[in-house]
Every structure is written in C-alpha cells, then in structure tokens.
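**Student:** The structure follows.
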Amino acid sequence: MKNRFRFLPLLSLLALSPAAEAQQTPAAKPAMSQRMADAFMGWYPDSIVIGNRKTARWDYEQGLMLKALERVWQRTGDPKYYTYIQKDLDQFVKDDGSIRTYKLEDYNLDNLTTGHAVLLMSQISLGSSAAQQKYVKAAQLLRKQLDGQPRTQAGGFWHKKVYPNQMWLDGLYMAEPFYAEYSKVFNQPQGFDDVAKQFALIEKNLVDPKTGLLYHGYDESKEQKWANKTTGQSPNFWDRGMGWYAMALVDVLDYFPQNHPQRQQLIKDVQRLAPVLVKYQDAKTGTWSLVVDQASRKGNYAEASGSSMFVYFLQKGVRMGYLDKKYADAAKKGYDGLLKTFVAEESGALALNGTVSVGGLGGNPYRDGSFEYYLSEPLRKNDLKGVGPFILASLEMETAADQAVGKGKTVAVDNYFNHELRKNPITGQEETWHYTWDDRTHGGFYFWGTQWRDLGATTSYVTTAPTAASLKNVGVYIIVDPDTRKETPKPNYVQPADVKAVTDWVKAGGVLVLMANDTSNCEIPRFNKLAEAFGMHFDAVNLNMVKGSQFEQGLVELPAGNAVFKTARAAYIKELAPLTLSGPAKPLISKSQYVIMATAKVGKGTVFAVGDPWLYTEYVDGRKIPAQFQNFAAAKDLAIWLLQQAK
C-alpha cells in the first residue's frame, strides 16, 4: 500500500475513502468576518493601495488589515490569510530589516501600526533563523522610532513630528499595542510603564468630565487655533477617534503582565468608557453618530468605522472579563445595526458603506475640529478604516457564539513531565518550549490554545507534579510527550504518587488527555503506568511513518458517527504509538488492526488518549500539510468534546 501511495496524489487517495466522501458535502457559508476578509483580498490581490494613492506604501491601514487577517487565520486555519500577510510585508521588509517607504525621521505614530504583523512574523517558524531575523530587525527599527519620538512635557508622544505638542486619540492605537507587544516579545518590562503613561495622559487631558466622552486631541502648548485656550482640547467628540482609543485599550491588555501595577487602571479605563458609549448608542439602529454627542443635529449621520470599533471594544471587553456581560447586549445591538445599515452584498461578495474618509486636526488646508469640519469629509465605500474594524467586530461576535461550552473551565497543559528548555530565539533567555500555549513556533500549542480560549476556556499550566492542590481548579489536564534524558538532563518521570493523584482527580470528575509520541521521542515506560490506570497502553510500535512530503502516509480517517469528531473526517498523524486497551477503555479511532485514539469513563471523569502530540501548530495552522487533512477542525472538535465532559 505504501508503494501505491507514492504514486497517488492525496486528493485521489482521499477520494477513495469514506472520509473524502464526507468532505465533498457542501460546506457551511463562511462567517461574515471571513467573507469580508475575502472581499478585501479580492479588491487588493497584490498590494494595498490606500485611498487615492497611485502606489502602495507603509501605512497604518495596512497594519489594521493585516491584524484582522491574522485573527481570521486563527479562527479558520486557512493559510491563505497568512500568505497574504507575508507577501504584503515582504514588499516592504528587506533582508537587512530596513522597510521600503518608511522614514523613521518622520516620527509619525501611524507608521508603527504594521509593527504588529512584523512581530507576528518574527515569532513563528519560517524555515530558517535568517528568514526570521529580517522581521526581528524590522521590529527593532520601528521600536527605535519611539526612543526619539518627540514628547509633550508630561511625557506623551506627539502624534507626528509635524504636529508639535499634540496628542491625538488615534495615536494610542497606532503605537501602544505594538509597543506593548514588543515589550513582551523582547522582554523589556519597562516599556509597559511608558505605555500605561500614554493612556493616563489621555484620560487626564481628553476626557470630558460632563459626558465622559473623549475629545479628539489636545495641544499642550494651546497654540493651535482648534485648541481650547484653557484646556488645549479640540472642540468635538469624533467617533473614530474614540474608536481607535477604545480598541487600543482592550488590545494592549493582551500583552500587559497580570501583575503590572497599572494593569488594573487600564481595566478601570475600559470600565469607565463602556457605559459612556452605551449611553450615546442610537436606541433604534444600534449605531453611533459621526459626532457622537450630537446625533440629532442636522447633517450628522451614523458612521461605520466608529460603530464597528465600539462593537469590537464592548464584545472583547466582555469576552476578556473586563466588562459585565450586560454589555454583550449593547454589542449585539450594535453589530445588528452594522449589518443592517452598512453591509451590502455585490456579486456575491460583501461591501461596506458609510465610512468617513478621514478626520484630523490642523494641517494644510487647516482642520479646525468643528462640527462642520467633520461633516465636510467625504464618505467612502470599502474604506479600510471601516473594513478592518468590521472584520474584528465580526470575529468577536462569532467568537461569542462559541463561548458557552468553555465558560468557567480551565484547560491546563503539563509543564512538569514535559519541561524542555531552550534559549529564546529573540531574547536569548532560557524558556520552556515545545507544547506550550505561548510558543508560536511550529512545536507550540499556540493555535490550539487560541481555539480553547475562543471556546470560552482559560488556558494555564501545571508546573509541578500533579497533586490534589495543583489540579484543584483544572477541568482538562493535558499531558504531552514526557521527557527522556535526551531532551532534558534531569527529566521528571511519572511516579506512583503521580498516578494515584491523577487517578483520584479523574474519578472525581477531571478530564485527562494523554498524548504520547513515537518511542524514540517519549518516555513511554513510566508514562504507560499512568495510561494503564485507565486501561490504556502505548505500544512500542511506530505507525504512520512518513517519508519526506508523502503526507498521505500520515492519513488517519475520522469516520462519521464517532463521538468526538463531528466535523473533521481526515487527520494527519505521523509516527504515532498505537494503543492496546483493557478494562474501561474503548476504541474511538482505529486504522486497520491498530487503535489510534481511545477514551475511558472512570468514576465521574473522562480520559482521552492518542499516541502523538498531533495538534501542535505545525499541523494545525494550515501552512504545511495539504488542505485535505482537517487537523484544525479536528482540534476544535476535540476541544469542544473535552470541555463538554468537564464539570
């Protein structure tokens, strides 16, 4: 059969199997986020040309869209979104880390937004360290801008060098999420203090004490014609300005350390802003007006970008636990308003209407920040400043629909039996890696961890030997590929006390996942002592040996009607250890005479076992194995089933 596989394309192979027949059934209609992302890539198949420009250049709208595409990639596992990100960046980022069309000396915060995509590429597997290094250098170049960025006397970044002494709401989104993520990736904790300072200055200088709304900008020198001579504030509340700020707040918190002294203040800022926005939400349409507090004034209108940003802010705030769940109702009302008011379908593709083209202060011709000024800017169809936030808002609403299954449940991956160490490729500092939630390279569980979190669960680690105390709040406990001496000089082997602690925990209602590996890369004998407590034994057989790129040799069919995999029908699992079962264990997935996956009900708990860590990012993110394998869908199927078993 292996010889035959060598000559058959994978698609032909799967066409011979029941799994392939199931795959040919019509797929569900893509989600709104995916449809809008696909429409965007249809408008800009080769490069992103903003507005009326003739050529592409490094731009904040580019950065906004690449962030939206990254999140769509994480939600779908479809590599076309990653490919678009990479190809776009590679038009600008050169091998030495320099960036075409970018000028550091402009000191323009807008130029930092695409840094998020650069940081993404600096962290994931790209085939060689040289391929990664150009993105590391590009990120360092962008970060260097902040070292020289002009500041107000109080320490706030000028929005641009050409706008002296001015902080604008826009700048918080343009710079701070990148700054915070960079500080995390490069392990520069002092950066978080500076990020927090920028938000504190906005809260101090731009929040209107009467309404709670935020003015668009302020001039510390009070010299601009638009600036209030007492406060330095601009005269109006522009929806997209507040939208940029709102998104920045919930996004920087993704990177802030849990114990940072200013983290709670940022969360308080989120909680301060949410009721203010809800107060000014149109009761009938669910949208927000261009000039937020003057909805009934002649000429004012519902605007798409700000409304999308507010929906994103509210729903993400709820998902992350910063906001009371009551704000999900306002987010849903707002999202329904987006769909009814702004979204259209043209020749089967989505379009977005109602985005104001721009909004600024000062400059030439001079923008005075008046009500009349904001209304004078033209509306644009499919403007990326609306399209990007609409995709992000859609993603949040789609994620919200999945959250119930994992709400209140913790999924912990073992970091004790598997505790491999390496030097971080960016910082050079020692870290644990391989099957960790935080590892974005191919050997990590970052993609699977994102799926768990999108299902409402909390991801964590068990860093010590399992005990009643260490497993107390864990709903799902995943033990992967225990170390041999080849991987760790002093491995933590499974001991009889560990077997008893885990068995007691399972009997009390815990859900245990056992993932072995081929016998040369996993400490099988002692791991089997734990597996045997549940009627499972990993055999000293290496199954599904794959030669080179003959991926078809790693095929495992997931037949319809099995209890776990409701959508996926074909998986890629290579070099796995099959199972021999006894007692309570039951086969779930088999191949020929071999049991590939098994389950067991033990007391009030559940055990799932498979002989390979097959859901690490290399085989889930869609970039390596052919699309006919459905590991991404299988990972979500498995996560849902495990969460359903968890108490």
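Ordering of the structure tokens sets the chain letters (A, B, ...), residue numbers begin anew at 1 in every chain, and ligands are numbered from 1 in the order given.
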Can you tell me which residues surround stretch 131-136 of chain A at a distance of at most 10 Å, considering only C-alpha atoms, apart from same-chain residues fewer than 2 positions away, and format the answer as a VMD selection string?

**Tutor:** chain A and resid 89 to 90 93 to 99 115 117 to 129 138 to 141 186 425 to 426

**Student:** Generate the output file for the selected residues, N, CA, C and O atoms, as a short mmCIF file (atom, residue, chain, number, x, y, z; two decimals), in the first residue's frame.

**Tutor:**
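This went into selection_15.cif:
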data_model
loop_
_atom_site.label_atom_id
_atom_site.label_comp_id
_atom_site.auth_asym_id
_atom_site.auth_seq_id
_atom_site.Cartn_x
_atom_site.Cartn_y
_atom_site.Cartn_z
N LEU A 89 3.96 42.05 3.60
CA LEU A 89 5.12 42.54 4.36
C LEU A 89 6.39 42.45 3.53
O LEU A 89 7.24 43.34 3.60
N ASP A 90 6.52 41.38 2.75
CA ASP A 90 7.76 41.19 2.01
C ASP A 90 7.92 42.16 0.84
O ASP A 90 9.00 42.24 0.25
N VAL A 93 9.61 44.84 3.79
CA VAL A 93 10.70 44.48 4.70
C VAL A 93 11.81 43.80 3.92
O VAL A 93 11.62 42.74 3.32
N LYS A 94 12.98 44.40 3.95
CA LYS A 94 14.13 43.87 3.21
C LYS A 94 14.95 42.94 4.10
O LYS A 94 14.75 42.88 5.31
N ASP A 95 15.89 42.24 3.48
CA ASP A 95 16.67 41.24 4.21
C ASP A 95 17.45 41.83 5.38
O ASP A 95 17.71 41.14 6.37
N ASP A 96 17.82 43.10 5.28
CA ASP A 96 18.58 43.73 6.37
C ASP A 96 17.68 44.35 7.43
O ASP A 96 18.16 45.00 8.36
N GLY A 97 16.35 44.17 7.28
CA GLY A 97 15.41 44.72 8.26
C GLY A 97 14.95 46.12 7.96
O GLY A 97 14.08 46.65 8.66
N SER A 98 15.50 46.75 6.94
CA SER A 98 15.00 48.07 6.55
C SER A 98 13.62 47.92 5.91
O SER A 98 13.25 46.83 5.45
N ILE A 99 12.87 49.01 5.88
CA ILE A 99 11.48 48.97 5.42
C ILE A 99 11.29 49.99 4.31
O ILE A 99 11.48 51.20 4.53
N GLY A 115 3.65 47.26 12.70
CA GLY A 115 4.62 46.54 13.53
C GLY A 115 4.05 45.29 14.16
O GLY A 115 4.78 44.33 14.44
N ALA A 117 2.13 43.06 12.71
CA ALA A 117 2.34 41.98 11.75
C ALA A 117 3.81 41.60 11.67
O ALA A 117 4.15 40.42 11.50
N VAL A 118 4.70 42.58 11.80
CA VAL A 118 6.14 42.29 11.80
C VAL A 118 6.49 41.41 13.01
O VAL A 118 7.25 40.43 12.89
N LEU A 119 5.92 41.72 14.16
CA LEU A 119 6.17 40.91 15.36
C LEU A 119 5.62 39.50 15.20
O LEU A 119 6.22 38.53 15.67
N LEU A 120 4.47 39.38 14.55
CA LEU A 120 3.94 38.05 14.26
C LEU A 120 4.96 37.22 13.50
O LEU A 120 5.30 36.09 13.89
N MET A 121 5.49 37.79 12.43
CA MET A 121 6.42 37.06 11.58
C MET A 121 7.74 36.78 12.30
O MET A 121 8.43 35.81 11.99
N SER A 122 8.09 37.62 13.24
CA SER A 122 9.34 37.41 13.97
C SER A 122 9.26 36.23 14.94
O SER A 122 10.29 35.72 15.38
N GLN A 123 8.05 35.79 15.26
CA GLN A 123 7.87 34.76 16.28
C GLN A 123 7.54 33.38 15.74
O GLN A 123 7.74 32.38 16.43
N ILE A 124 7.01 33.28 14.52
CA ILE A 124 6.57 31.99 14.02
C ILE A 124 7.67 31.32 13.21
O ILE A 124 8.65 31.96 12.83
N SER A 125 7.52 30.03 12.96
CA SER A 125 8.52 29.28 12.20
C SER A 125 8.50 29.68 10.74
O SER A 125 7.44 29.67 10.10
N LEU A 126 9.67 30.03 10.22
CA LEU A 126 9.77 30.47 8.82
C LEU A 126 10.80 29.67 8.04
O LEU A 126 11.17 30.06 6.93
N GLY A 127 11.28 28.59 8.60
CA GLY A 127 12.19 27.73 7.86
C GLY A 127 13.66 27.95 8.17
O GLY A 127 14.46 27.04 8.03
N SER A 128 14.02 29.15 8.58
CA SER A 128 15.42 29.42 8.93
C SER A 128 15.46 30.63 9.84
O SER A 128 14.58 31.47 9.84
N SER A 129 16.55 30.70 10.61
CA SER A 129 16.69 31.83 11.50
C SER A 129 16.94 33.11 10.72
O SER A 129 16.53 34.19 11.12
N ALA A 138 13.42 44.47 11.62
CA ALA A 138 12.42 45.47 11.25
C ALA A 138 11.64 45.92 12.47
O ALA A 138 11.34 47.12 12.62
N ALA A 139 11.30 44.98 13.36
CA ALA A 139 10.60 45.35 14.59
C ALA A 139 11.47 46.26 15.45
O ALA A 139 10.98 47.24 16.04
N GLN A 140 12.77 45.95 15.52
CA GLN A 140 13.69 46.80 16.29
C GLN A 140 13.79 48.20 15.70
O GLN A 140 13.90 49.19 16.43
N LEU A 141 13.74 48.28 14.37
CA LEU A 141 13.78 49.59 13.71
C LEU A 141 12.56 50.42 14.09
O LEU A 141 12.67 51.61 14.42
N PHE A 186 10.26 41.08 23.45
CA PHE A 186 11.68 41.35 23.67
C PHE A 186 12.04 41.42 25.16
O PHE A 186 13.17 41.76 25.50
N PRO A 425 14.77 32.52 20.81
CA PRO A 425 15.50 32.96 19.62
C PRO A 425 15.58 34.47 19.47
O PRO A 425 16.42 34.96 18.71
N ILE A 426 14.76 35.23 20.19
CA ILE A 426 14.79 36.69 20.09
C ILE A 426 15.58 37.31 21.24
O ILE A 426 16.45 38.15 21.04
#

**Student:** So that I can check the surroundings of stretch 213-226 of chain A, please list as number ranges by chain every protein, DNA and RNA residue that reaches within 9 Å of it, counting only C-alpha atoms and ignoring chain neighbours fewer than 4 positions away.

**Tutor:** A: 152-154, 163-170, 202-203, 205-209, 230-242, 273, 276-277, 292-293, 360-362, 367-370

**Student:** Any chance you can output those residues with C-alpha atoms as an mmCIF file, in the first residue's frame?

**Tutor:**
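As a result, again_28.cif now contains:
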data_model
loop_
_atom_site.group_PDB
_atom_site.id
_atom_site.type_symbol
_atom_site.label_atom_id
_atom_site.label_comp_id
_atom_site.auth_asym_id
_atom_site.auth_seq_id
_atom_site.Cartn_x
_atom_site.Cartn_y
_atom_site.Cartn_z
ATOM 1 C CA THR A 152 4.977 66.606 25.452
ATOM 2 C CA GLN A 153 6.489 67.990 28.635
ATOM 3 C CA ALA A 154 4.388 65.450 30.521
ATOM 4 C CA TYR A 163 2.063 68.228 14.909
ATOM 5 C CA PRO A 164 4.152 69.569 17.815
ATOM 6 C CA ASN A 165 2.926 69.261 21.404
ATOM 7 C CA GLN A 166 -0.188 67.332 20.334
ATOM 8 C CA MET A 167 -1.619 64.022 21.496
ATOM 9 C CA TRP A 168 -4.469 62.574 19.430
ATOM 10 C CA LEU A 169 -6.684 59.632 20.321
ATOM 11 C CA ASP A 170 -5.660 57.968 17.043
ATOM 12 C CA ILE A 202 -5.240 60.731 27.565
ATOM 13 C CA GLU A 203 -7.558 60.053 30.500
ATOM 14 C CA ASN A 205 -6.341 65.546 29.258
ATOM 15 C CA LEU A 206 -9.061 64.392 26.871
ATOM 16 C CA VAL A 207 -11.948 63.043 28.948
ATOM 17 C CA ASP A 208 -14.850 65.473 29.243
ATOM 18 C CA PRO A 209 -15.969 65.472 32.900
ATOM 19 C CA THR A 230 -7.706 76.830 28.857
ATOM 20 C CA THR A 231 -7.589 73.062 28.348
ATOM 21 C CA GLY A 232 -5.850 72.684 24.983
ATOM 22 C CA GLN A 233 -8.635 70.331 23.897
ATOM 23 C CA SER A 234 -10.138 70.150 20.428
ATOM 24 C CA PRO A 235 -13.835 71.091 20.343
ATOM 25 C CA ASN A 236 -15.672 67.846 19.439
ATOM 26 C CA PHE A 237 -16.115 64.136 20.078
ATOM 27 C CA TRP A 238 -15.267 62.280 16.868
ATOM 28 C CA ASP A 239 -16.472 58.691 16.776
ATOM 29 C CA ARG A 240 -13.478 57.097 15.071
ATOM 30 C CA GLY A 241 -11.024 58.906 17.321
ATOM 31 C CA MET A 242 -12.750 57.371 20.332
ATOM 32 C CA LEU A 273 -15.670 54.133 28.861
ATOM 33 C CA VAL A 276 -20.458 56.215 28.210
ATOM 34 C CA LEU A 277 -20.541 54.610 24.781
ATOM 35 C CA VAL A 292 -21.084 61.266 18.938
ATOM 36 C CA ASP A 293 -22.990 63.618 21.216
ATOM 37 C CA GLY A 360 -7.740 65.283 11.584
ATOM 38 C CA LEU A 361 -6.684 68.500 13.253
ATOM 39 C CA GLY A 362 -4.601 71.357 11.880
ATOM 40 C CA ARG A 367 -8.832 71.433 10.001
ATOM 41 C CA ASP A 368 -10.398 73.274 12.894
ATOM 42 C CA GLY A 369 -12.112 70.323 14.625
ATOM 43 C CA SER A 370 -15.549 71.929 14.300
#

**Student:** Go through A:Tyr280, A:Tyr173, A:Phe178, A:Tyr493 one by one, measure the shortest atom-to-atom distance of each to A:Leu249 using only C-alpha atoms, and give the residue with the smallest value.

**Tutor:**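 Closest residue, counting only C-alpha atoms: A:Tyr173.
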
**Student:** Smallest atom-to-atom distance to A:Val358: which of A:Glu345, A:Lys332, A:Glu303, A:Pro489, using only C-alpha atoms?

**Tutor:**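 Closest candidate: A:Glu303.
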
**Student:** Check the DSSP output for the backbone and give back, as a PyMOL selection string, the residues of stretch 415-584 of chain A in strand (DSSP E or B).

**Tutor:** chain A and resi 420-423+430-433+458-462+476-480+511-515+536-538+543+555-557+570-572+576+579-581

**Student:** Atom CA of A:Lys210 and atom CA of A:Gln271 are how many Å apart?

**Tutor:**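 Straight-line distance from atom CA of A:Lys210 to atom CA of A:Gln271 works out to 16.7 Å.
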
**Student:** As a list in words, please: the residues near A:Thr399 (cut-off 9 Å, only C-alpha atoms, same-chain neighbours under 4 positions excluded).

**Tutor:**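 The residues that qualify are Arg75, Arg319, Ser394, Leu395, Gln403, Asp454, Leu455 and Gly456 of chain A.
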
**Student:** Of the residues A:Tyr301, A:Trp641, A:Tyr461, A:Tyr81, which is the one nearest to A:Ile478, using only C-alpha atoms?

**Tutor:** A:Tyr461

**Student:** Compare A:Phe632, A:Val72, A:Cys522, A:Lys529 by their minimum atom-to-atom distance to A:Pro496, counting only C-alpha atoms, and give me the closest one.

**Tutor:** A:Lys529

**Student:** Atom CA of A:Thr599 and atom CA of A:Ala585 are how many Å apart?

**Tutor:**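 Computing the Euclidean distance for atom CA of A:Thr599 and atom CA of A:Ala585 yields 5.6 Å.
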
**Student:** List as a PyMOL selection string the protein and nucleic acid residues near stretch 431-442 of chain A, meaning an atom at most 8 Å away when only C-alpha atoms are counted, but skip any in the same chain fewer than 5 places from it.

**Tutor:** chain A and resi 123-125+413+415+419-424+447-449+459-460+480+616-619
